[in-house]
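S.K.: Below is the structure I would like to discuss, written out as structure tokens.
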Amino acid sequence: MNDNAPQPPSRRSVLRTTAGVAGAGIGLGALGTTSAEAAAPEAAAAEQIAGQTAGAPRRRGATMVNVPFAKRSTVRVGIVGLGNRGGSMIDLFLVLPGVRVVAVCDPVRDKTERAAAKVVAAGQPSPAVYTNGEDDYANLCKRTDVDFVYVATPWELHFEMAKTAMLNGKHVGVECPVAMTLKDLWELVDLSEQTRRHCMQLENCCYGRNEMRVLRMAHAGRFGELLHGAGAYNHDLRELMFSPTYYEGPWRRLWHTRLRGDLYPNHGFGPVANYMDVNRGDRAVSISSFGTQALGLAEYRAKHLPAGDPSWKESYIGADRTISLVQTAKGRVIRLEHDVSTPHPYSRINSLGGTLGVFEDYPARIYLEPDHQGHQWGDFAAYAKDFDHWLWKEHANPPGGHGGMDYIMLYRLTQCMRLGLVPDFDVYDAATWTAPVPLSHDSIKAKGAPQAIPDFTRGEWQKARSGVDSVKPA
């Protein structure tokens, strides 16, 4: 590890100066940061001219845009949550070059024991195990030999776990969604800026082969001027949400008793936001959402669950199909959909259109001028040679699930950490891609009235910068 890398503040010193952010902010003096006004006066002026500072809290730390990781020879990982997602992702962490799993955490002891056995079987030292209740993750975060905390737990736990990791000087990657309220999203932004630690939404769909090919084609101008895109999470989860064993308790189903909006926008929003350089030259400005009746889960329960099942006490309000329209600062439109409660073949829609043509996925098809004519779809595979991302050329058959995108995502993340590079996405992307969760709920309650999407970058979006369409390191 690089001995000259900046050391994180101790948790004690951080908490001693944190009266400002919900009882756990960071004192600027302790971190040597400057005010936003002093650090970027031109950005603040541009924001004011564009009218985008309304509602944004005052910045308490410097921006995390273009902030690289400290270079290190080995990335030491702590994993929190070892259910379906975490229990499978550990397999990928264990085959990544220069990565060591040093600690695992889950309140279910059998899961931690299985995970620890996997680490040993992979030839690594036995990891520390944290299984002493729901809050033992905090002890994992206190370790001095962890560089990165990976969080794969029920959604309501994501915010506190990401917050705790950063307060203990750790970079953190969180499964979708990163938090469930705008207040919590803003706090994660502030904490990332104050602790100088990256907080990332680990959106694997941004690393799908089709998504990365479309991204490179968009940046090469093959779609002309971009006009519209669409993304979704349409996935029939009824059987899994009522399964007594698939999830650890009914936590995911219970969110359908709390919110009406798009509970899982990231898989659809993230890739399209990348195509349109959202937070990198464009910005998501507002969202208008509409939702159907909530019938699917109740009908499934009536057909498959006995009358005495605890789920009969639940009243579902989550719309079976949510449709949202996101407007960007450049006048582009992004359509988002969410449906996990009705019969439907899996689809993320994944569409992009511009003045020269359109791509649509599920199945993949393309129509571009001057390549195609006669209103007949073209072969998307024909663009693989010229436009496949270097990560997919380098790893043509990656291991793991979801078609290899999980591995590609973790490989790239840990590569950036080992080489001291800027990550492909940051806390501003995490907040933007997750903002539709609370805002779509508010819009549906307001009969589709547009809701403002905050500028989490506080004006930095106006500066072009790289993202997932990265250059291969030398």
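Chain lettering (A, B, ...) mirrors the order of the structure tokens, residue numbering begins at 1 for each chain separately, and ligand numbering begins at 1 in order of display.
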Residues within 9 Å of Arg109 in chain A, please, as a PDB file with N, CA and C atoms, in the first residue's frame. Count only C-alpha atoms; anything in the same chain fewer than 3 positions from it doesn't count.

M.R.:
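Saved to part05.pdb:
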ATOM      1  N   CYS A 105     -19.760  -9.744   7.551  1.00  0.00           N
ATOM      2  CA  CYS A 105     -20.731  -9.406   8.598  1.00  0.00           C
ATOM      3  C   CYS A 105     -22.145  -9.772   8.170  1.00  0.00           C
ATOM      4  N   ASP A 106     -22.859 -10.449   9.042  1.00  0.00           N
ATOM      5  CA  ASP A 106     -24.287 -10.723   8.877  1.00  0.00           C
ATOM      6  C   ASP A 106     -24.793 -11.228  10.226  1.00  0.00           C
ATOM      7  N   THR A 112     -22.370 -16.061   7.745  1.00  0.00           N
ATOM      8  CA  THR A 112     -20.985 -15.611   7.921  1.00  0.00           C
ATOM      9  C   THR A 112     -20.021 -16.787   7.890  1.00  0.00           C
ATOM     10  N   GLU A 113     -20.444 -17.918   8.440  1.00  0.00           N
ATOM     11  CA  GLU A 113     -19.567 -19.083   8.449  1.00  0.00           C
ATOM     12  C   GLU A 113     -19.346 -19.606   7.030  1.00  0.00           C
ATOM     13  N   ARG A 114     -20.414 -19.616   6.217  1.00  0.00           N
ATOM     14  CA  ARG A 114     -20.256 -20.042   4.827  1.00  0.00           C
ATOM     15  C   ARG A 114     -19.346 -19.084   4.067  1.00  0.00           C
ATOM     16  N   VAL A 129     -15.037 -12.199  11.538  1.00  0.00           N
ATOM     17  CA  VAL A 129     -16.463 -12.458  11.398  1.00  0.00           C
ATOM     18  C   VAL A 129     -17.240 -11.596  12.385  1.00  0.00           C
ATOM     19  N   TYR A 130     -18.253 -10.887  11.882  1.00  0.00           N
ATOM     20  CA  TYR A 130     -19.098 -10.034  12.717  1.00  0.00           C
ATOM     21  C   TYR A 130     -20.541 -10.505  12.583  1.00  0.00           C
ATOM     22  N   THR A 131     -21.053 -11.101  13.640  1.00  0.00           N
ATOM     23  CA  THR A 131     -22.394 -11.679  13.587  1.00  0.00           C
ATOM     24  C   THR A 131     -23.161 -11.450  14.882  1.00  0.00           C
ATOM     25  N   ASN A 132     -22.684 -10.475  15.666  1.00  0.00           N
ATOM     26  CA  ASN A 132     -23.271 -10.215  16.983  1.00  0.00           C
ATOM     27  C   ASN A 132     -24.364  -9.146  16.886  1.00  0.00           C
TER      28      ASN A 132
END

S.K.: Please indicate the distance in Å from CA of Met217 in chain A to CA of Gly270 in chain A, rounded to one decimal place.

M.R.: 16.6 Å

S.K.: Pick the closest to Gly86 in chain A from A:Pro154, A:Gly420, A:Pro125, A:Pro450: which is it, counting only C-alpha atoms?

M.R.: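 Smallest distance to Gly86 in chain A is found for A:Pro154.
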
S.K.: Report as a PyMOL selection string all protein, DNA and RNA residues lying within 10 Å of Lys118 in chain A, evaluated on only C-alpha atoms, omitting residues in the same chain fewer than 3 positions from it.

M.R.: chain A and resi 87+90-91+94+112-115+121-124+126-127

S.K.: Limited to all heavy atoms, could you put the picked residues into a file as a short mmCIF file (atom, residue, chain, number, x, y, z; two decimals), in the first residue's frame?

M.R.:
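Once everything was written out, this is selection_23.cif:
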data_model
loop_
_atom_site.label_atom_id
_atom_site.label_comp_id
_atom_site.auth_asym_id
_atom_site.auth_seq_id
_atom_site.Cartn_x
_atom_site.Cartn_y
_atom_site.Cartn_z
N GLY A 87 -23.95 -12.89 -0.61
CA GLY A 87 -23.44 -14.25 -0.59
C GLY A 87 -22.90 -14.73 -1.93
O GLY A 87 -22.07 -15.64 -1.98
N ILE A 90 -19.47 -12.22 -3.01
CA ILE A 90 -18.19 -12.54 -2.37
C ILE A 90 -17.35 -13.44 -3.27
O ILE A 90 -16.12 -13.35 -3.29
CB ILE A 90 -18.40 -13.18 -0.97
CG1 ILE A 90 -17.06 -13.28 -0.23
CG2 ILE A 90 -19.07 -14.54 -1.07
CD1 ILE A 90 -17.20 -13.76 1.20
N ASP A 91 -18.02 -14.30 -4.04
CA ASP A 91 -17.28 -15.17 -4.96
C ASP A 91 -16.49 -14.35 -5.98
O ASP A 91 -15.38 -14.74 -6.36
CB ASP A 91 -18.25 -16.10 -5.70
CG ASP A 91 -19.00 -17.02 -4.76
OD1 ASP A 91 -18.43 -17.39 -3.71
OD2 ASP A 91 -20.16 -17.37 -5.07
N LEU A 94 -13.42 -12.60 -4.51
CA LEU A 94 -12.33 -13.53 -4.24
C LEU A 94 -11.53 -13.91 -5.48
O LEU A 94 -10.45 -14.50 -5.36
CB LEU A 94 -12.89 -14.80 -3.58
CG LEU A 94 -13.39 -14.59 -2.14
CD1 LEU A 94 -14.13 -15.82 -1.65
CD2 LEU A 94 -12.23 -14.26 -1.21
N THR A 112 -22.37 -16.06 7.74
CA THR A 112 -20.99 -15.61 7.92
C THR A 112 -20.02 -16.79 7.89
O THR A 112 -18.91 -16.68 7.36
CB THR A 112 -20.81 -14.83 9.24
OG1 THR A 112 -21.20 -15.67 10.34
CG2 THR A 112 -21.67 -13.57 9.24
N GLU A 113 -20.44 -17.92 8.44
CA GLU A 113 -19.57 -19.08 8.45
C GLU A 113 -19.35 -19.61 7.03
O GLU A 113 -18.22 -19.98 6.66
CB GLU A 113 -20.16 -20.17 9.34
CG GLU A 113 -20.12 -19.81 10.83
CD GLU A 113 -20.80 -20.84 11.71
OE1 GLU A 113 -21.47 -21.74 11.14
OE2 GLU A 113 -20.67 -20.75 12.95
N ARG A 114 -20.41 -19.62 6.22
CA ARG A 114 -20.26 -20.04 4.83
C ARG A 114 -19.35 -19.08 4.07
O ARG A 114 -18.51 -19.50 3.27
CB ARG A 114 -21.62 -20.16 4.15
CG ARG A 114 -22.45 -21.35 4.58
CD ARG A 114 -23.59 -21.61 3.60
NE ARG A 114 -24.53 -20.51 3.55
CZ ARG A 114 -25.60 -20.40 4.33
NH1 ARG A 114 -25.85 -21.34 5.23
NH2 ARG A 114 -26.42 -19.38 4.21
N ALA A 115 -19.52 -17.80 4.32
CA ALA A 115 -18.69 -16.81 3.64
C ALA A 115 -17.23 -16.95 4.05
O ALA A 115 -16.32 -16.88 3.20
CB ALA A 115 -19.19 -15.41 3.95
N ALA A 121 -11.15 -21.12 1.38
CA ALA A 121 -11.03 -22.01 0.23
C ALA A 121 -10.37 -21.32 -0.96
O ALA A 121 -9.75 -21.97 -1.81
CB ALA A 121 -12.40 -22.53 -0.17
N ALA A 122 -10.48 -20.00 -1.02
CA ALA A 122 -9.86 -19.24 -2.10
C ALA A 122 -8.38 -18.97 -1.84
O ALA A 122 -7.72 -18.32 -2.65
CB ALA A 122 -10.60 -17.92 -2.29
N GLY A 123 -7.87 -19.45 -0.70
CA GLY A 123 -6.45 -19.30 -0.39
C GLY A 123 -6.10 -18.03 0.35
O GLY A 123 -4.92 -17.69 0.48
N GLN A 124 -7.09 -17.34 0.86
CA GLN A 124 -6.85 -16.12 1.64
C GLN A 124 -6.95 -16.45 3.13
O GLN A 124 -7.57 -17.43 3.53
CB GLN A 124 -7.87 -15.04 1.27
CG GLN A 124 -7.78 -14.56 -0.16
CD GLN A 124 -8.67 -13.35 -0.43
OE1 GLN A 124 -9.15 -12.70 0.49
NE2 GLN A 124 -8.88 -13.06 -1.71
N SER A 126 -8.23 -16.47 6.93
CA SER A 126 -9.59 -16.48 7.44
C SER A 126 -10.01 -15.06 7.82
O SER A 126 -9.29 -14.36 8.53
CB SER A 126 -9.69 -17.39 8.67
OG SER A 126 -11.02 -17.44 9.15
N PRO A 127 -11.17 -14.61 7.36
CA PRO A 127 -11.58 -13.23 7.64
C PRO A 127 -12.13 -13.08 9.05
O PRO A 127 -12.58 -14.06 9.67
CB PRO A 127 -12.67 -12.99 6.60
CG PRO A 127 -13.32 -14.33 6.45
CD PRO A 127 -12.18 -15.32 6.55
#

S.K.: One decimal, in Å: what's the spacing between CA of Cys205 in chain A and CA of Leu140 in chain A?

M.R.: 28.1 Å

S.K.: Give me, as a PyMOL selection string, all polymer residues having an atom no more than 9 Å from Leu96 in chain A, counting only C-alpha atoms and skipping those fewer than 5 positions away in the same chain.

M.R.: chain A and resi 407+410-411+414

S.K.: Write out as a CSV table (one decimal) with all heavy atoms, in the first residue's frame which residues come within 12 Å of Phe425 in chain A when counting only C-alpha atoms, dropping same-chain ones fewer than 6 positions away.

M.R.:
chain,number,residue,atom,x,y,z
A,64,MET,N,-16.4,16.1,-4.6
A,64,MET,CA,-15.8,14.9,-4.8
A,64,MET,C,-15.7,14.5,-6.3
A,64,MET,O,-15.2,13.5,-6.6
A,64,MET,CB,-16.5,13.7,-4.1
A,64,MET,CG,-16.4,13.8,-2.6
A,64,MET,SD,-14.6,13.6,-2.0
A,64,MET,CE,-14.4,11.8,-2.3
A,65,VAL,N,-16.1,15.5,-7.1
A,65,VAL,CA,-15.9,15.3,-8.6
A,65,VAL,C,-14.4,15.2,-8.9
A,65,VAL,O,-13.6,16.1,-8.5
A,65,VAL,CB,-16.6,16.5,-9.3
A,65,VAL,CG1,-16.1,16.5,-10.8
A,65,VAL,CG2,-18.1,16.4,-9.2
A,66,ASN,N,-14.0,14.2,-9.7
A,66,ASN,CA,-12.7,14.0,-10.1
A,66,ASN,C,-11.7,13.8,-9.0
A,66,ASN,O,-10.5,14.0,-9.2
A,66,ASN,CB,-12.2,15.2,-11.0
A,66,ASN,CG,-12.9,15.2,-12.4
A,66,ASN,OD1,-13.3,14.1,-12.9
A,66,ASN,ND2,-13.1,16.4,-12.9
A,67,VAL,N,-12.1,13.3,-7.9
A,67,VAL,CA,-11.2,13.0,-6.8
A,67,VAL,C,-10.8,11.5,-6.9
A,67,VAL,O,-11.6,10.6,-6.9
A,67,VAL,CB,-11.9,13.2,-5.4
A,67,VAL,CG1,-11.0,12.7,-4.3
A,67,VAL,CG2,-12.2,14.7,-5.2
A,68,PRO,N,-9.5,11.3,-7.1
A,68,PRO,CA,-9.0,9.9,-7.2
A,68,PRO,C,-8.9,9.1,-5.9
A,68,PRO,O,-8.9,9.8,-4.8
A,68,PRO,CB,-7.6,10.0,-7.9
A,68,PRO,CG,-7.2,11.3,-7.3
A,68,PRO,CD,-8.4,12.2,-7.2
A,173,GLY,N,-19.4,1.1,-1.1
A,173,GLY,CA,-20.2,0.8,-2.2
A,173,GLY,C,-21.5,0.1,-1.8
A,173,GLY,O,-21.5,-0.8,-1.0
A,198,HIS,N,-15.3,8.1,-1.0
A,198,HIS,CA,-16.3,7.9,-2.0
A,198,HIS,C,-17.4,7.0,-1.5
A,198,HIS,O,-17.2,6.0,-0.8
A,198,HIS,CB,-15.7,7.3,-3.3
A,198,HIS,CG,-14.9,8.2,-4.1
A,198,HIS,ND1,-15.5,9.3,-4.8
A,198,HIS,CD2,-13.6,8.3,-4.4
A,198,HIS,CE1,-14.6,10.0,-5.4
A,198,HIS,NE2,-13.4,9.4,-5.2
A,199,CYS,N,-18.7,7.4,-1.8
A,199,CYS,CA,-19.9,6.7,-1.6
A,199,CYS,C,-20.5,6.4,-2.9
A,199,CYS,O,-21.0,7.3,-3.6
A,199,CYS,CB,-20.8,7.4,-0.6
A,199,CYS,SG,-22.4,6.6,-0.3
A,200,MET,N,-20.6,5.1,-3.3
A,200,MET,CA,-21.0,4.8,-4.7
A,200,MET,C,-22.2,3.9,-4.7
A,200,MET,O,-22.3,2.9,-3.9
A,200,MET,CB,-19.8,4.2,-5.4
A,200,MET,CG,-18.6,5.1,-5.6
A,200,MET,SD,-17.1,4.2,-6.0
A,200,MET,CE,-16.8,3.5,-4.3
A,201,GLN,N,-23.1,4.1,-5.6
A,201,GLN,CA,-24.2,3.2,-5.9
A,201,GLN,C,-23.6,2.2,-6.9
A,201,GLN,O,-23.2,2.5,-8.0
A,201,GLN,CB,-25.3,3.9,-6.6
A,201,GLN,CG,-26.5,3.1,-6.9
A,201,GLN,CD,-27.3,2.8,-5.7
A,201,GLN,OE1,-28.2,3.6,-5.3
A,201,GLN,NE2,-27.1,1.7,-5.0
A,202,LEU,N,-23.5,0.9,-6.4
A,202,LEU,CA,-22.9,-0.1,-7.3
A,202,LEU,C,-24.0,-0.6,-8.3
A,202,LEU,O,-24.6,-1.7,-8.1
A,202,LEU,CB,-22.4,-1.3,-6.4
A,202,LEU,CG,-21.2,-0.9,-5.5
A,202,LEU,CD1,-20.7,-2.1,-4.8
A,202,LEU,CD2,-20.1,-0.2,-6.3
A,203,GLU,N,-24.1,0.2,-9.3
A,203,GLU,CA,-25.1,-0.1,-10.3
A,203,GLU,C,-24.5,-1.0,-11.4
A,203,GLU,O,-23.9,-0.5,-12.4
A,203,GLU,CB,-25.7,1.2,-10.9
A,203,GLU,CG,-26.8,1.0,-12.0
A,203,GLU,CD,-27.7,-0.1,-11.6
A,203,GLU,OE1,-28.6,0.1,-10.7
A,203,GLU,OE2,-27.6,-1.2,-12.2
A,204,ASN,N,-24.8,-2.3,-11.3
A,204,ASN,CA,-24.1,-3.2,-12.2
A,204,ASN,C,-24.6,-3.1,-13.7
A,204,ASN,O,-23.9,-3.4,-14.6
A,204,ASN,CB,-24.3,-4.7,-11.7
A,204,ASN,CG,-25.8,-5.0,-11.6
A,204,ASN,OD1,-26.7,-4.2,-11.5
A,204,ASN,ND2,-26.1,-6.3,-11.5
A,206,CYS,N,-25.0,-0.6,-15.4
A,206,CYS,CA,-24.1,0.4,-16.2
A,206,CYS,C,-23.0,-0.4,-16.9
A,206,CYS,O,-22.4,0.2,-17.8
A,206,CYS,CB,-23.6,1.4,-15.3
A,206,CYS,SG,-24.8,2.6,-14.6
A,207,TYR,N,-22.7,-1.6,-16.4
A,207,TYR,CA,-21.5,-2.3,-17.0
A,207,TYR,C,-22.0,-3.5,-17.8
A,207,TYR,O,-21.2,-4.4,-18.2
A,207,TYR,CB,-20.6,-2.8,-15.8
A,207,TYR,CG,-19.9,-1.7,-15.2
A,207,TYR,CD1,-20.4,-1.0,-14.1
A,207,TYR,CD2,-18.6,-1.3,-15.7
A,207,TYR,CE1,-19.7,0.1,-13.5
A,207,TYR,CE2,-17.9,-0.2,-15.1
A,207,TYR,CZ,-18.5,0.4,-14.1
A,207,TYR,OH,-17.8,1.5,-13.5
A,270,GLY,N,-29.7,4.6,-14.3
A,270,GLY,CA,-28.2,4.7,-14.4
A,270,GLY,C,-27.6,4.6,-15.8
A,270,GLY,O,-26.9,5.5,-16.2
A,271,PRO,N,-27.9,3.6,-16.6
A,271,PRO,CA,-27.4,3.5,-17.9
A,271,PRO,C,-27.8,4.7,-18.8
A,271,PRO,O,-27.0,5.2,-19.5
A,271,PRO,CB,-27.9,2.2,-18.4
A,271,PRO,CG,-28.1,1.3,-17.2
A,271,PRO,CD,-28.6,2.3,-16.2
A,273,ALA,N,-28.8,7.7,-17.9
A,273,ALA,CA,-28.1,8.9,-17.4
A,273,ALA,C,-26.7,8.9,-17.9
A,273,ALA,O,-26.2,10.0,-18.3
A,273,ALA,CB,-28.1,8.9,-15.9
A,274,ASN,N,-26.0,7.8,-18.0
A,274,ASN,CA,-24.7,7.7,-18.6
A,274,ASN,C,-24.7,8.1,-20.1
A,274,ASN,O,-23.8,8.9,-20.5
A,274,ASN,CB,-24.0,6.3,-18.4
A,274,ASN,CG,-23.6,6.1,-17.0
A,274,ASN,OD1,-23.5,7.0,-16.2
A,274,ASN,ND2,-23.5,4.8,-16.6
A,277,ASP,N,-24.8,11.8,-20.3
A,277,ASP,CA,-23.9,12.5,-19.5
A,277,ASP,C,-24.5,13.3,-18.4
A,277,ASP,O,-24.1,14.5,-18.1
A,277,ASP,CB,-23.0,13.4,-20.4
A,277,ASP,CG,-22.1,12.7,-21.3
A,277,ASP,OD1,-21.5,11.7,-20.9
A,277,ASP,OD2,-22.0,13.0,-22.5
A,278,VAL,N,-25.5,12.7,-17.8
A,278,VAL,CA,-26.1,13.4,-16.6
A,278,VAL,C,-25.1,13.5,-15.5
A,278,VAL,O,-24.3,12.6,-15.2
A,278,VAL,CB,-27.3,12.6,-16.1
A,278,VAL,CG1,-27.8,13.1,-14.8
A,278,VAL,CG2,-28.5,12.7,-17.1
A,279,ASN,N,-24.9,14.7,-15.0
A,279,ASN,CA,-23.9,15.1,-14.0
A,279,ASN,C,-22.6,15.3,-14.7
A,279,ASN,O,-21.6,15.6,-14.0
A,279,ASN,CB,-23.8,14.1,-12.8
A,279,ASN,CG,-25.0,14.1,-11.9
A,279,ASN,OD1,-25.8,15.0,-11.9
A,279,ASN,ND2,-25.2,13.0,-11.2
A,280,ARG,N,-22.5,15.2,-16.0
A,280,ARG,CA,-21.3,15.4,-16.7
A,280,ARG,C,-21.5,16.3,-18.0
A,280,ARG,O,-20.9,16.0,-19.0
A,280,ARG,CB,-20.7,14.1,-17.1
A,280,ARG,CG,-20.1,13.3,-15.9
A,280,ARG,CD,-20.0,11.8,-16.2
A,280,ARG,NE,-19.4,11.1,-15.1
A,280,ARG,CZ,-20.0,10.8,-14.0
A,280,ARG,NH1,-21.3,11.0,-13.9
A,280,ARG,NH2,-19.4,10.2,-13.0
A,409,MET,N,-18.1,-4.7,-13.2
A,409,MET,CA,-18.3,-3.6,-12.3
A,409,MET,C,-17.2,-3.7,-11.2
A,409,MET,O,-16.5,-2.7,-10.9
A,409,MET,CB,-19.7,-3.6,-11.7
A,409,MET,CG,-19.9,-2.5,-10.6
A,409,MET,SD,-21.5,-2.6,-9.9
A,409,MET,CE,-21.4,-4.1,-8.9
A,412,ARG,N,-13.5,-3.2,-12.4
A,412,ARG,CA,-13.2,-1.8,-12.7
A,412,ARG,C,-13.1,-1.0,-11.4
A,412,ARG,O,-12.2,-0.1,-11.3
A,412,ARG,CB,-14.3,-1.2,-13.6
A,412,ARG,CG,-14.1,0.3,-13.9
A,412,ARG,CD,-12.8,0.6,-14.5
A,412,ARG,NE,-12.7,2.1,-14.8
A,412,ARG,CZ,-11.6,2.7,-15.1
A,412,ARG,NH1,-10.4,2.0,-15.2
A,412,ARG,NH2,-11.6,4.0,-15.3
A,413,LEU,N,-14.0,-1.2,-10.5
A,413,LEU,CA,-13.9,-0.4,-9.2
A,413,LEU,C,-12.6,-0.7,-8.5
A,413,LEU,O,-11.9,0.2,-8.1
A,413,LEU,CB,-15.1,-0.8,-8.3
A,413,LEU,CG,-15.0,-0.4,-6.8
A,413,LEU,CD1,-15.1,1.2,-6.7
A,413,LEU,CD2,-16.1,-1.0,-6.0
A,416,CYS,N,-9.6,0.8,-10.2
A,416,CYS,CA,-9.4,2.2,-9.9
A,416,CYS,C,-8.8,2.5,-8.5
A,416,CYS,O,-8.0,3.4,-8.3
A,416,CYS,CB,-10.8,3.0,-10.0
A,416,CYS,SG,-11.5,3.1,-11.6
A,431,ALA,N,-26.9,9.6,-5.7
A,431,ALA,CA,-28.0,10.4,-5.2
A,431,ALA,C,-29.0,10.7,-6.3
A,431,ALA,O,-30.2,10.6,-6.2
A,431,ALA,CB,-27.6,11.7,-4.6
A,432,THR,N,-28.5,11.0,-7.5
A,432,THR,CA,-29.4,11.3,-8.7
A,432,THR,C,-30.1,10.1,-9.1
A,432,THR,O,-31.3,10.2,-9.3
A,432,THR,CB,-28.5,11.9,-9.8
A,432,THR,OG1,-27.8,13.1,-9.4
A,432,THR,CG2,-29.4,12.2,-11.0
A,433,TRP,N,-29.5,9.0,-9.2
A,433,TRP,CA,-30.1,7.8,-9.7
A,433,TRP,C,-31.2,7.2,-8.7
A,433,TRP,O,-32.1,6.5,-9.1
A,433,TRP,CB,-29.1,6.7,-10.0
A,433,TRP,CG,-28.1,7.0,-11.0
A,433,TRP,CD1,-28.1,8.0,-11.9
A,433,TRP,CD2,-26.8,6.3,-11.2
A,433,TRP,NE1,-26.9,8.0,-12.7
A,433,TRP,CE2,-26.2,7.0,-12.3
A,433,TRP,CE3,-26.2,5.2,-10.6
A,433,TRP,CZ2,-24.9,6.6,-12.7
A,433,TRP,CZ3,-25.0,4.8,-11.1
A,433,TRP,CH2,-24.3,5.5,-12.1
A,465,ARG,N,-16.8,15.7,-18.0
A,465,ARG,CA,-15.8,14.8,-17.3
A,465,ARG,C,-16.1,13.4,-17.7
A,465,ARG,O,-17.2,13.0,-18.2
A,465,ARG,CB,-15.8,15.0,-15.8
A,465,ARG,CG,-17.1,14.7,-15.1
A,465,ARG,CD,-17.1,15.1,-13.7
A,465,ARG,NE,-18.4,14.9,-13.0
A,465,ARG,CZ,-18.7,13.9,-12.2
A,465,ARG,NH1,-17.8,13.0,-12.0
A,465,ARG,NH2,-19.9,13.9,-11.6
A,466,SER,N,-15.1,12.5,-17.5
A,466,SER,CA,-15.3,11.1,-17.8
A,466,SER,C,-16.2,10.4,-16.9
A,466,SER,O,-16.5,10.9,-15.8
A,466,SER,CB,-13.9,10.4,-17.9
A,466,SER,OG,-13.3,10.4,-16.6
A,467,GLY,N,-16.6,9.2,-17.3
A,467,GLY,CA,-17.4,8.4,-16.4
A,467,GLY,C,-17.2,6.9,-16.8
A,467,GLY,O,-16.1,6.5,-16.9
A,468,VAL,N,-18.3,6.2,-17.0
A,468,VAL,CA,-18.2,4.7,-17.3
A,468,VAL,C,-17.5,4.5,-18.6
A,468,VAL,O,-16.8,3.5,-18.8
A,468,VAL,CB,-19.5,4.1,-17.2
A,468,VAL,CG1,-19.5,2.6,-17.6
A,468,VAL,CG2,-20.1,4.1,-15.8
A,469,ASP,N,-17.6,5.4,-19.5
A,469,ASP,CA,-16.9,5.3,-20.8
A,469,ASP,C,-15.4,5.8,-20.6
A,469,ASP,O,-15.0,6.8,-21.1
A,469,ASP,CB,-17.6,6.2,-21.9
A,469,ASP,CG,-17.0,6.0,-23.2
A,469,ASP,OD1,-16.2,5.1,-23.4
A,469,ASP,OD2,-17.3,6.8,-24.1
A,470,SER,N,-14.7,4.9,-19.9
A,470,SER,CA,-13.4,5.2,-19.4
A,470,SER,C,-12.3,4.8,-20.4
A,470,SER,O,-12.5,4.0,-21.3
A,470,SER,CB,-13.1,4.5,-18.1
A,470,SER,OG,-13.3,3.1,-18.2

S.K.: Give me, as a PyMOL selection string, the residues of range 300-421 of chain A that a backbone DSSP run labels strand (DSSP E or B).

M.R.: chain A and resi 322-328+333-339+347+351-354+357-360+365-368+378

S.K.: Taking the backbone alone, and naming residues the way the document does, which bits of range 232-415 of chain A are helix (DSSP H, G or I) by DSSP, as JSON, numbers by chain?

M.R.: {"A": [238, 239, 240, 241, 242, 251, 252, 253, 254, 255, 256, 257, 266, 267, 268, 269, 270, 271, 272, 273, 274, 275, 296, 297, 298, 299, 300, 301, 302, 303, 304, 310, 311, 312, 313, 380, 381, 382, 383, 384, 385, 386, 387, 390, 391, 392, 393, 394, 402, 403, 404, 405, 406, 407, 408, 409, 410, 411, 412, 413, 414, 415]}

S.K.: With distances taken over only C-alpha atoms, which of A:Ala474, A:Ala218, A:Tyr316, A:Ile334 is nearest to Gln415 in chain A?

M.R.: A:Ala474

S.K.: Using only C-alpha atoms, which protein or nucleic acid residues come within 12 Å of Pro244 in chain A? Drop anything in the same chain fewer than 2 positions from it, and give the result as a list in words.

M.R.: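 Everything that qualifies: Glu239, Leu240, Met241, Phe242, Tyr246, Tyr247, Glu248, Gly249, Pro250, Trp251, Arg253, Leu305, Asp309, Pro310 and Ser311 of chain A.
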
S.K.: Which is closer to Gly459 in chain A than all the others in A:Cys141, A:Ala294, A:Ala329, A:Ala302, using only C-alpha atoms?

M.R.: A:Ala329

S.K.: Which residue out of A:Ile349, A:Leu185, A:Val75, A:Ile453 has the minimum interatomic distance to Asn234 in chain A when only C-alpha atoms are used?

M.R.: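 The answer is A:Ile349, which sits nearest to Asn234 in chain A.
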
S.K.: Measure the distance from CA of Tyr346 in chain A to CA of Asp406 in chain A in Å and round it to one decimal.

M.R.: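 Rounded to one decimal, the two atoms are 17.6 Å apart.
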
S.K.: Have a look at A:Glu314, A:Asp320, A:Asp262, A:Asp282 and name the one nearest to Arg238 in chain A; count only C-alpha atoms.

M.R.: A:Asp320

S.K.: Between A:Val272, A:Ala319, A:Val174, A:Leu259, which is the closest to Thr292 in chain A once you count only C-alpha atoms?

M.R.: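 Checking each of A:Val272, A:Ala319, A:Val174, A:Leu259 against Thr292 in chain A, counting only C-alpha atoms, the winner is A:Ala319.
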
S.K.: As a list of chain:residue names, please: the residues near range 157-172 of chain A (cut-off 6 Å, only C-alpha atoms, same-chain neighbours under 3 positions excluded).

M.R.: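 The residues satisfying every condition are A:Pro8, A:Arg11, A:Cys141, A:Lys142, A:Asp147, A:Phe148, A:Val149, A:Tyr150, A:Pro154, A:Val178, A:Ala179, A:Arg197, A:His198, A:Cys199.
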